[in-house]
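This report refers to the structure that appears directly beneath it.
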Amino acid sequence: MCGIVGAASHQNIVEVLVEGLRRLEYRGYDSCGFAVINGSDPKHSIERARTTARVSELAEQGKDFRGTLGIAHTRWATHGKPDTQNAHPHISNGLIAVVHNGIIENFAELKAELLEAGVSFASETDTEVAAHLIAREFDATGDLVEAFRKVVRRLHGAFTILVVHQDQPDVVLAARRNAPLVIGLGDGENFLGSDVAAFVEHTKRAIAVGQDEIVILRKDAVAIENFEGHQVQREEFLVDWDA
Ligand code: GLU
């Protein structure tokens with residue numbers, strides 16, 4: 001299980017994401033990637049970079065990207081070989097991007113269900129199943145949070161999972177079950193990380209997300225709820241070390 005970073009900001013977050021990944025490199029990884037959505041661009045299509053090389057190469061690949069919202073990942077392959085095609089983020093319908101640390105234990109039956117429904121897969125990962133399930137639920141309801149809630153309830157195993165949708169360029173959704181996730185509270189920007197190292201350079205105000213909880217992260221607001229959709233209050237703490 002490697003690293004995850006997410007951010008929603010009033011400004012370009014490409015460097016925040018890449019720097020966050022750099023600070024999580026100590027966890028080890030075989031590939032890495034990130035995706036951003038630009039809320040200030042009316043076309044705001046997802047831009048994605050992935051590589052089996054180091055985070056420094058990823059930074060080079062994505063240096064011209066511009067995004068106010070984004071998700072980033074270092075992968076330690078469990079399902080599918082460590083190649084670029086299997087590197088995260090995974091995208092469904094060209095609209096939804098997902099990163100995931102952990103293992104979705106029931107992915108085979110979920111994949112069978114999606115294949116039956118005519119969905120095609122671009123990777124060998126368990127993660128891609130989640131991306132397509134969220135896309136399908138979103139198509140049915142038009143409500144990204146509700147779609148996400150429904151899907152995470154169906155996933156068994158261990159996951160920290162982050163999602164962005166091109167048509168909702170103000171929100172990053174995250175969920176955790178048996179895997180770590182911490183929120184960083186900034187000024188006009190908020191962060192997500194598998195540990196505080198991902199964002200401690202930008203803020204020392206943090207909230208630890210509880211088991212089976214969802215985070216709805218915007219640049220100026222953070223809400224936490226459980227998988228049933230009930231609001232959860234969590235105490236903020238101050239990180240007492242620096243980058
Ligand atoms: N199971 C996922 C994969 O193989 C995520 C692995 C990880 O935790 O990085 O892509």
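How things are named: the first chain in the structure tokens is A, the next is B, and so on; residues count from 1 in each chain; ligands count from 1 in the order shown.
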
> What are the DSSP strand (DSSP E or B) residues of region 102-188 of chain A, as number ranges by chain?
Replying inline: A: 102-104, 157-165, 172-177, 182-185

>> Show me which residues line ligand 1, defined as having an atom within 9 Å of a ligand atom where only C-alpha atoms and all ligand atoms count, and present them as a PyMOL selection string.
In response: chain A and resi 1-4+29-32+73-82+86-88+99-104+123-128+158-160

Selection export as a compact mmCIF listing (two decimals), in the first residue's frame, atoms kept: N, CA, C and O atoms:
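Dumped to selection-v1.txt:
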```txt
# COMPACT_ATOMS: atom_id res chain seq x y z
N MET A 1 0.85 -1.19 0.00
CA MET A 1 0.00 0.00 0.00
C MET A 1 0.89 1.25 0.00
O MET A 1 1.69 1.41 0.90
N CYS A 2 0.77 2.06 -1.01
CA CYS A 2 1.70 3.19 -1.13
C CYS A 2 1.07 4.52 -0.83
O CYS A 2 0.43 4.67 0.18
N GLY A 3 1.22 5.49 -1.72
CA GLY A 3 0.85 6.85 -1.33
C GLY A 3 -0.27 7.46 -2.13
O GLY A 3 -0.45 7.17 -3.31
N ILE A 4 -1.01 8.34 -1.46
CA ILE A 4 -2.11 9.06 -2.10
C ILE A 4 -2.06 10.52 -1.68
O ILE A 4 -1.76 10.85 -0.53
N TYR A 29 7.45 2.41 -4.30
CA TYR A 29 6.43 2.36 -5.36
C TYR A 29 7.04 1.81 -6.63
O TYR A 29 8.26 1.83 -6.81
N ASP A 30 6.18 1.32 -7.52
CA ASP A 30 6.68 0.82 -8.80
C ASP A 30 6.20 1.68 -9.97
O ASP A 30 6.64 1.49 -11.10
N SER A 31 5.24 2.57 -9.72
CA SER A 31 4.79 3.51 -10.75
C SER A 31 4.06 4.64 -10.05
O SER A 31 3.76 4.55 -8.85
N CYS A 32 3.78 5.70 -10.79
CA CYS A 32 3.11 6.83 -10.16
C CYS A 32 2.31 7.60 -11.21
O CYS A 32 2.52 7.42 -12.42
N HIS A 73 -0.88 9.60 -7.02
CA HIS A 73 -0.76 8.23 -6.52
C HIS A 73 0.62 7.65 -6.74
O HIS A 73 1.21 7.85 -7.81
N THR A 74 1.15 6.96 -5.75
CA THR A 74 2.27 6.05 -6.00
C THR A 74 1.73 4.64 -5.80
O THR A 74 1.02 4.37 -4.83
N ARG A 75 2.07 3.76 -6.74
CA ARG A 75 1.46 2.41 -6.76
C ARG A 75 2.47 1.35 -6.33
O ARG A 75 3.64 1.40 -6.72
N TRP A 76 1.98 0.38 -5.59
CA TRP A 76 2.70 -0.85 -5.34
C TRP A 76 1.77 -1.93 -5.85
O TRP A 76 0.78 -2.25 -5.21
N ALA A 77 2.05 -2.44 -7.05
CA ALA A 77 1.09 -3.28 -7.78
C ALA A 77 0.66 -4.51 -6.98
O ALA A 77 1.50 -5.24 -6.45
N THR A 78 -0.63 -4.73 -6.90
CA THR A 78 -1.14 -5.98 -6.34
C THR A 78 -1.96 -6.73 -7.40
O THR A 78 -2.02 -7.94 -7.39
N HIS A 79 -2.61 -6.00 -8.32
CA HIS A 79 -3.44 -6.61 -9.36
C HIS A 79 -3.01 -6.04 -10.71
O HIS A 79 -3.38 -4.91 -11.05
N GLY A 80 -2.25 -6.84 -11.45
CA GLY A 80 -1.74 -6.36 -12.74
C GLY A 80 -0.31 -5.90 -12.58
O GLY A 80 0.08 -5.38 -11.54
N LYS A 81 0.45 -6.10 -13.65
CA LYS A 81 1.90 -5.82 -13.56
C LYS A 81 2.16 -4.32 -13.40
O LYS A 81 1.30 -3.50 -13.70
N PRO A 82 3.37 -3.99 -12.95
CA PRO A 82 3.70 -2.58 -12.79
C PRO A 82 4.06 -1.92 -14.12
O PRO A 82 5.23 -1.77 -14.44
N ASN A 86 -1.39 0.10 -16.14
CA ASN A 86 -1.98 -0.23 -14.83
C ASN A 86 -1.75 0.85 -13.78
O ASN A 86 -2.31 0.79 -12.68
N ALA A 87 -0.92 1.84 -14.11
CA ALA A 87 -0.67 2.92 -13.15
C ALA A 87 -1.93 3.76 -12.98
O ALA A 87 -2.76 3.88 -13.89
N HIS A 88 -2.08 4.34 -11.82
CA HIS A 88 -3.24 5.18 -11.52
C HIS A 88 -2.92 6.62 -11.92
O HIS A 88 -1.74 6.96 -11.98
N VAL A 99 -7.96 7.22 -7.95
CA VAL A 99 -6.73 6.59 -7.45
C VAL A 99 -7.09 5.78 -6.21
O VAL A 99 -8.03 6.13 -5.48
N HIS A 100 -6.33 4.73 -5.99
CA HIS A 100 -6.69 3.79 -4.92
C HIS A 100 -5.43 3.14 -4.37
O HIS A 100 -4.59 2.66 -5.13
N ASN A 101 -5.32 3.11 -3.06
CA ASN A 101 -4.31 2.28 -2.39
C ASN A 101 -5.04 1.16 -1.68
O ASN A 101 -6.07 1.39 -1.05
N GLY A 102 -4.50 -0.06 -1.78
CA GLY A 102 -5.11 -1.19 -1.09
C GLY A 102 -5.56 -2.25 -2.08
O GLY A 102 -5.10 -2.30 -3.22
N ILE A 103 -6.46 -3.11 -1.62
CA ILE A 103 -6.93 -4.24 -2.42
C ILE A 103 -8.45 -4.33 -2.33
O ILE A 103 -9.00 -4.34 -1.22
N ILE A 104 -9.10 -4.39 -3.48
CA ILE A 104 -10.55 -4.61 -3.49
C ILE A 104 -10.75 -6.12 -3.64
O ILE A 104 -10.57 -6.69 -4.72
N SER A 123 -7.19 -1.67 -18.03
CA SER A 123 -6.09 -2.13 -17.17
C SER A 123 -6.44 -3.48 -16.56
O SER A 123 -7.57 -3.96 -16.69
N GLU A 124 -5.47 -4.03 -15.84
CA GLU A 124 -5.71 -5.31 -15.14
C GLU A 124 -5.98 -5.08 -13.65
O GLU A 124 -6.03 -6.02 -12.88
N THR A 125 -6.15 -3.85 -13.25
CA THR A 125 -6.23 -3.55 -11.82
C THR A 125 -7.61 -3.81 -11.23
O THR A 125 -8.63 -3.80 -11.93
N ASP A 126 -7.62 -4.03 -9.92
CA ASP A 126 -8.87 -4.07 -9.16
C ASP A 126 -9.50 -2.67 -9.11
O ASP A 126 -10.72 -2.51 -9.14
N THR A 127 -8.66 -1.65 -9.11
CA THR A 127 -9.10 -0.26 -8.98
C THR A 127 -10.05 0.18 -10.08
O THR A 127 -11.02 0.90 -9.83
N GLU A 128 -9.78 -0.27 -11.31
CA GLU A 128 -10.58 0.20 -12.44
C GLU A 128 -12.06 -0.17 -12.27
O GLU A 128 -12.95 0.54 -12.75
N ALA A 158 -9.44 -3.51 1.58
CA ALA A 158 -8.76 -2.34 2.14
C ALA A 158 -8.64 -1.29 1.06
O ALA A 158 -8.20 -1.59 -0.04
N PHE A 159 -9.07 -0.08 1.37
CA PHE A 159 -8.91 0.96 0.37
C PHE A 159 -8.87 2.36 0.96
O PHE A 159 -9.57 2.68 1.91
N THR A 160 -7.99 3.16 0.38
CA THR A 160 -8.14 4.61 0.40
C THR A 160 -8.38 4.94 -1.05
O THR A 160 -7.60 4.54 -1.92
```

>> Would you pick out the contacts of Ala7 (chain A) at 6 Å or less, using only C-alpha atoms, so that residues sharing its chain but fewer than 3 positions from it are not included, and give the list as a count of residues only?
In response: 4

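You will find CA of Ala208 (chain A) at 15.0 Å from CA of Gln231 (chain A).
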
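Distances here use only C-alpha atoms; by that measure, the residue among A:Gln233, A:Ser9, A:Asn106, A:Ser92 closest to Asp187 (chain A) is A:Ser9.
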
> Could you pull the residues within 6 Å of region 54-67 of chain A, counting only C-alpha atoms, minus those fewer than 3 positions along the same chain, as a VMD selection string?
Replying inline: chain A and resid 12 to 13 36 to 38 49

> region 4-235 of chain A: which residues are helix (DSSP H, G or I) by DSSP, as a PyMOL selection string?
Replying inline: chain A and resi 14-27+55-61+107-116+127-141+144-154+196-198

>> Please list as a ChimeraX atom specification every residue within 8 Å of Val5 (chain A), counting only C-alpha atoms and excluding residues in the same chain fewer than 5 positions away.
In response: /A:17,20-21,71-73,191-194,198

>> So, with only C-alpha atoms as the atoms that count, which of A:Asp195, A:Asp212, A:Glu201, A:Glu113 lies closest to Val152 (chain A)?
In response: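 Nearest to Val152 (chain A): A:Asp212.
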
>> Which residues are close to Gly39 (chain A), i.e. within 10 Å by only C-alpha atoms, leaving aside same-chain residues fewer than 4 positions away? Reply as a list of chain:residue names.
In response: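 Residues near the query, excluding close chain neighbours: A:Ala8, A:Ser9, A:His10, A:Gln11, A:Asn12, A:Lys43, A:His44, A:Ser45, A:Arg66, A:Gly67, A:Thr68, A:Leu69, A:Gln166, A:Asp167, A:Gln168, A:Pro169, A:Asp170, A:Val171.
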
Can you write out the residues you just picked, keeping all heavy atoms, as a short mmCIF file (atom, residue, chain, number, x, y, z; two decimals), in the first residue's frame?
```
data_model
loop_
_atom_site.label_atom_id
_atom_site.label_comp_id
_atom_site.auth_asym_id
_atom_site.auth_seq_id
_atom_site.Cartn_x
_atom_site.Cartn_y
_atom_site.Cartn_z
N ALA A 8 -7.78 20.43 -3.36
CA ALA A 8 -8.72 21.35 -4.01
C ALA A 8 -8.26 22.74 -3.60
O ALA A 8 -8.07 23.00 -2.41
CB ALA A 8 -10.13 21.09 -3.52
N SER A 9 -8.08 23.63 -4.58
CA SER A 9 -7.44 24.90 -4.26
C SER A 9 -8.01 26.03 -5.11
O SER A 9 -8.67 25.80 -6.13
CB SER A 9 -5.93 24.77 -4.50
OG SER A 9 -5.27 25.98 -4.25
N HIS A 10 -7.69 27.25 -4.71
CA HIS A 10 -8.03 28.43 -5.52
C HIS A 10 -6.95 28.65 -6.58
O HIS A 10 -7.08 29.50 -7.45
CB HIS A 10 -8.18 29.66 -4.62
CG HIS A 10 -6.91 29.98 -3.89
ND1 HIS A 10 -6.01 30.91 -4.34
CD2 HIS A 10 -6.37 29.44 -2.77
CE1 HIS A 10 -4.98 30.95 -3.51
NE2 HIS A 10 -5.17 30.06 -2.55
N GLN A 11 -5.85 27.89 -6.47
CA GLN A 11 -4.74 28.07 -7.42
C GLN A 11 -4.27 26.74 -8.00
O GLN A 11 -4.73 25.68 -7.57
CB GLN A 11 -3.59 28.80 -6.75
CG GLN A 11 -3.07 28.07 -5.52
CD GLN A 11 -2.08 28.90 -4.72
OE1 GLN A 11 -1.79 30.04 -5.06
NE2 GLN A 11 -1.56 28.32 -3.65
N ASN A 12 -3.36 26.80 -8.95
CA ASN A 12 -2.85 25.60 -9.60
C ASN A 12 -2.22 24.64 -8.57
O ASN A 12 -1.37 25.04 -7.79
CB ASN A 12 -1.81 26.03 -10.65
CG ASN A 12 -1.29 24.87 -11.45
OD1 ASN A 12 -1.95 23.83 -11.56
ND2 ASN A 12 -0.12 25.02 -12.01
N LYS A 43 -13.60 24.40 -20.44
CA LYS A 43 -13.56 23.04 -21.02
C LYS A 43 -13.11 22.02 -19.96
O LYS A 43 -13.48 20.87 -20.01
CB LYS A 43 -12.61 23.00 -22.21
CG LYS A 43 -13.10 23.81 -23.41
CD LYS A 43 -12.43 23.42 -24.70
CE LYS A 43 -10.97 23.67 -24.80
NZ LYS A 43 -10.31 24.87 -24.38
N HIS A 44 -12.32 22.48 -19.05
CA HIS A 44 -11.79 21.70 -17.92
C HIS A 44 -11.77 20.18 -18.13
O HIS A 44 -12.32 19.42 -17.35
CB HIS A 44 -12.50 22.05 -16.60
CG HIS A 44 -13.98 21.95 -16.60
ND1 HIS A 44 -14.67 20.76 -16.58
CD2 HIS A 44 -14.92 22.92 -16.58
CE1 HIS A 44 -15.96 21.01 -16.56
NE2 HIS A 44 -16.14 22.30 -16.56
N SER A 45 -11.12 19.71 -19.18
CA SER A 45 -11.02 18.26 -19.34
C SER A 45 -9.89 17.72 -18.45
O SER A 45 -8.94 18.43 -18.14
CB SER A 45 -10.79 17.89 -20.80
OG SER A 45 -9.69 18.58 -21.28
N ARG A 66 -2.50 22.39 -15.87
CA ARG A 66 -3.03 23.41 -14.98
C ARG A 66 -4.32 22.88 -14.36
O ARG A 66 -5.23 22.51 -15.09
CB ARG A 66 -3.38 24.70 -15.76
CG ARG A 66 -2.16 25.46 -16.26
CD ARG A 66 -1.45 26.21 -15.11
NE ARG A 66 -0.18 26.75 -15.54
CZ ARG A 66 0.99 26.09 -15.52
NH1 ARG A 66 1.06 24.86 -15.09
NH2 ARG A 66 2.10 26.65 -15.93
N GLY A 67 -4.38 22.84 -13.03
CA GLY A 67 -5.59 22.32 -12.40
C GLY A 67 -5.78 22.91 -11.02
O GLY A 67 -4.82 23.19 -10.31
N THR A 68 -7.04 23.11 -10.64
CA THR A 68 -7.34 23.60 -9.29
C THR A 68 -7.79 22.45 -8.39
O THR A 68 -8.06 22.63 -7.20
CB THR A 68 -8.47 24.64 -9.36
OG1 THR A 68 -9.53 24.10 -10.14
CG2 THR A 68 -7.97 25.94 -9.98
N LEU A 69 -7.87 21.27 -9.00
CA LEU A 69 -8.38 20.09 -8.30
C LEU A 69 -7.58 18.90 -8.79
O LEU A 69 -7.34 18.80 -10.00
CB LEU A 69 -9.83 19.91 -8.78
CG LEU A 69 -10.81 19.16 -7.94
CD1 LEU A 69 -11.16 20.01 -6.73
CD2 LEU A 69 -12.07 18.92 -8.76
N GLN A 166 -14.90 15.32 -14.03
CA GLN A 166 -14.66 16.48 -14.89
C GLN A 166 -15.78 17.51 -14.85
O GLN A 166 -15.53 18.71 -14.95
CB GLN A 166 -14.49 15.95 -16.31
CG GLN A 166 -14.07 16.98 -17.29
CD GLN A 166 -13.79 16.32 -18.61
OE1 GLN A 166 -12.93 15.45 -18.71
NE2 GLN A 166 -14.53 16.71 -19.62
N ASP A 167 -17.02 17.06 -14.71
CA ASP A 167 -18.14 18.00 -14.71
C ASP A 167 -18.45 18.56 -13.33
O ASP A 167 -19.40 19.31 -13.16
CB ASP A 167 -19.39 17.34 -15.30
CG ASP A 167 -19.17 16.97 -16.75
OD1 ASP A 167 -18.27 17.57 -17.38
OD2 ASP A 167 -19.87 16.07 -17.26
N GLN A 168 -17.67 18.17 -12.33
CA GLN A 168 -17.85 18.70 -10.97
C GLN A 168 -16.48 19.22 -10.50
O GLN A 168 -15.87 18.64 -9.60
CB GLN A 168 -18.34 17.61 -10.04
CG GLN A 168 -19.49 16.83 -10.63
CD GLN A 168 -20.66 16.70 -9.69
OE1 GLN A 168 -20.50 16.71 -8.47
NE2 GLN A 168 -21.83 16.60 -10.25
N PRO A 169 -16.02 20.30 -11.13
CA PRO A 169 -14.62 20.70 -10.93
C PRO A 169 -14.36 21.43 -9.63
O PRO A 169 -13.37 22.15 -9.50
CB PRO A 169 -14.35 21.60 -12.14
CG PRO A 169 -15.67 22.16 -12.49
CD PRO A 169 -16.71 21.14 -12.12
N ASP A 170 -15.24 21.25 -8.63
CA ASP A 170 -14.99 21.91 -7.34
C ASP A 170 -14.84 20.90 -6.20
O ASP A 170 -14.68 21.30 -5.06
CB ASP A 170 -16.12 22.89 -7.01
CG ASP A 170 -17.43 22.18 -6.75
OD1 ASP A 170 -17.65 21.09 -7.34
OD2 ASP A 170 -18.22 22.67 -5.94
N VAL A 171 -14.89 19.60 -6.48
CA VAL A 171 -14.90 18.66 -5.37
C VAL A 171 -14.03 17.42 -5.61
O VAL A 171 -14.01 16.87 -6.71
CB VAL A 171 -16.37 18.26 -5.02
CG1 VAL A 171 -17.02 17.48 -6.15
CG2 VAL A 171 -16.45 17.48 -3.73
#
```

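Between CA of Leu173 (chain A) and CA of Leu217 (chain A) the interatomic distance comes to 6.2 Å.
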
>> If we count only C-alpha atoms and set the cut-off at 12 Å, which residues sit around Ala206 (chain A), ignoring sequence neighbours fewer than 5 positions away in its own chain? Please answer as a list of chain:residue names.
In response: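 Non-adjacent residues within range: A:Leu181, A:Val182, A:Ile183, A:Gly184, A:Leu185, A:Gly186, A:Asn190, A:Phe191, A:Leu192, A:Gly193, A:Ser194, A:Asp195, A:Val196, A:Ala197, A:Ala198, A:Phe199, A:Val200, A:Val222, A:Arg234, A:Glu235, A:Glu236, A:Phe237, A:Leu238, A:Val239, A:Asp240.
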
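Straight-line separation from CA of Ala135 (chain A) to CA of Asp220 (chain A): 25.6 Å.
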
>> Just checking: using only C-alpha atoms, which residue out of A:Glu47, A:Asp41, A:Glu189, A:Glu213 ends up closest to Ile91 (chain A)?
In response: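 Closest to Ile91 (chain A) of all the choices is A:Glu47.
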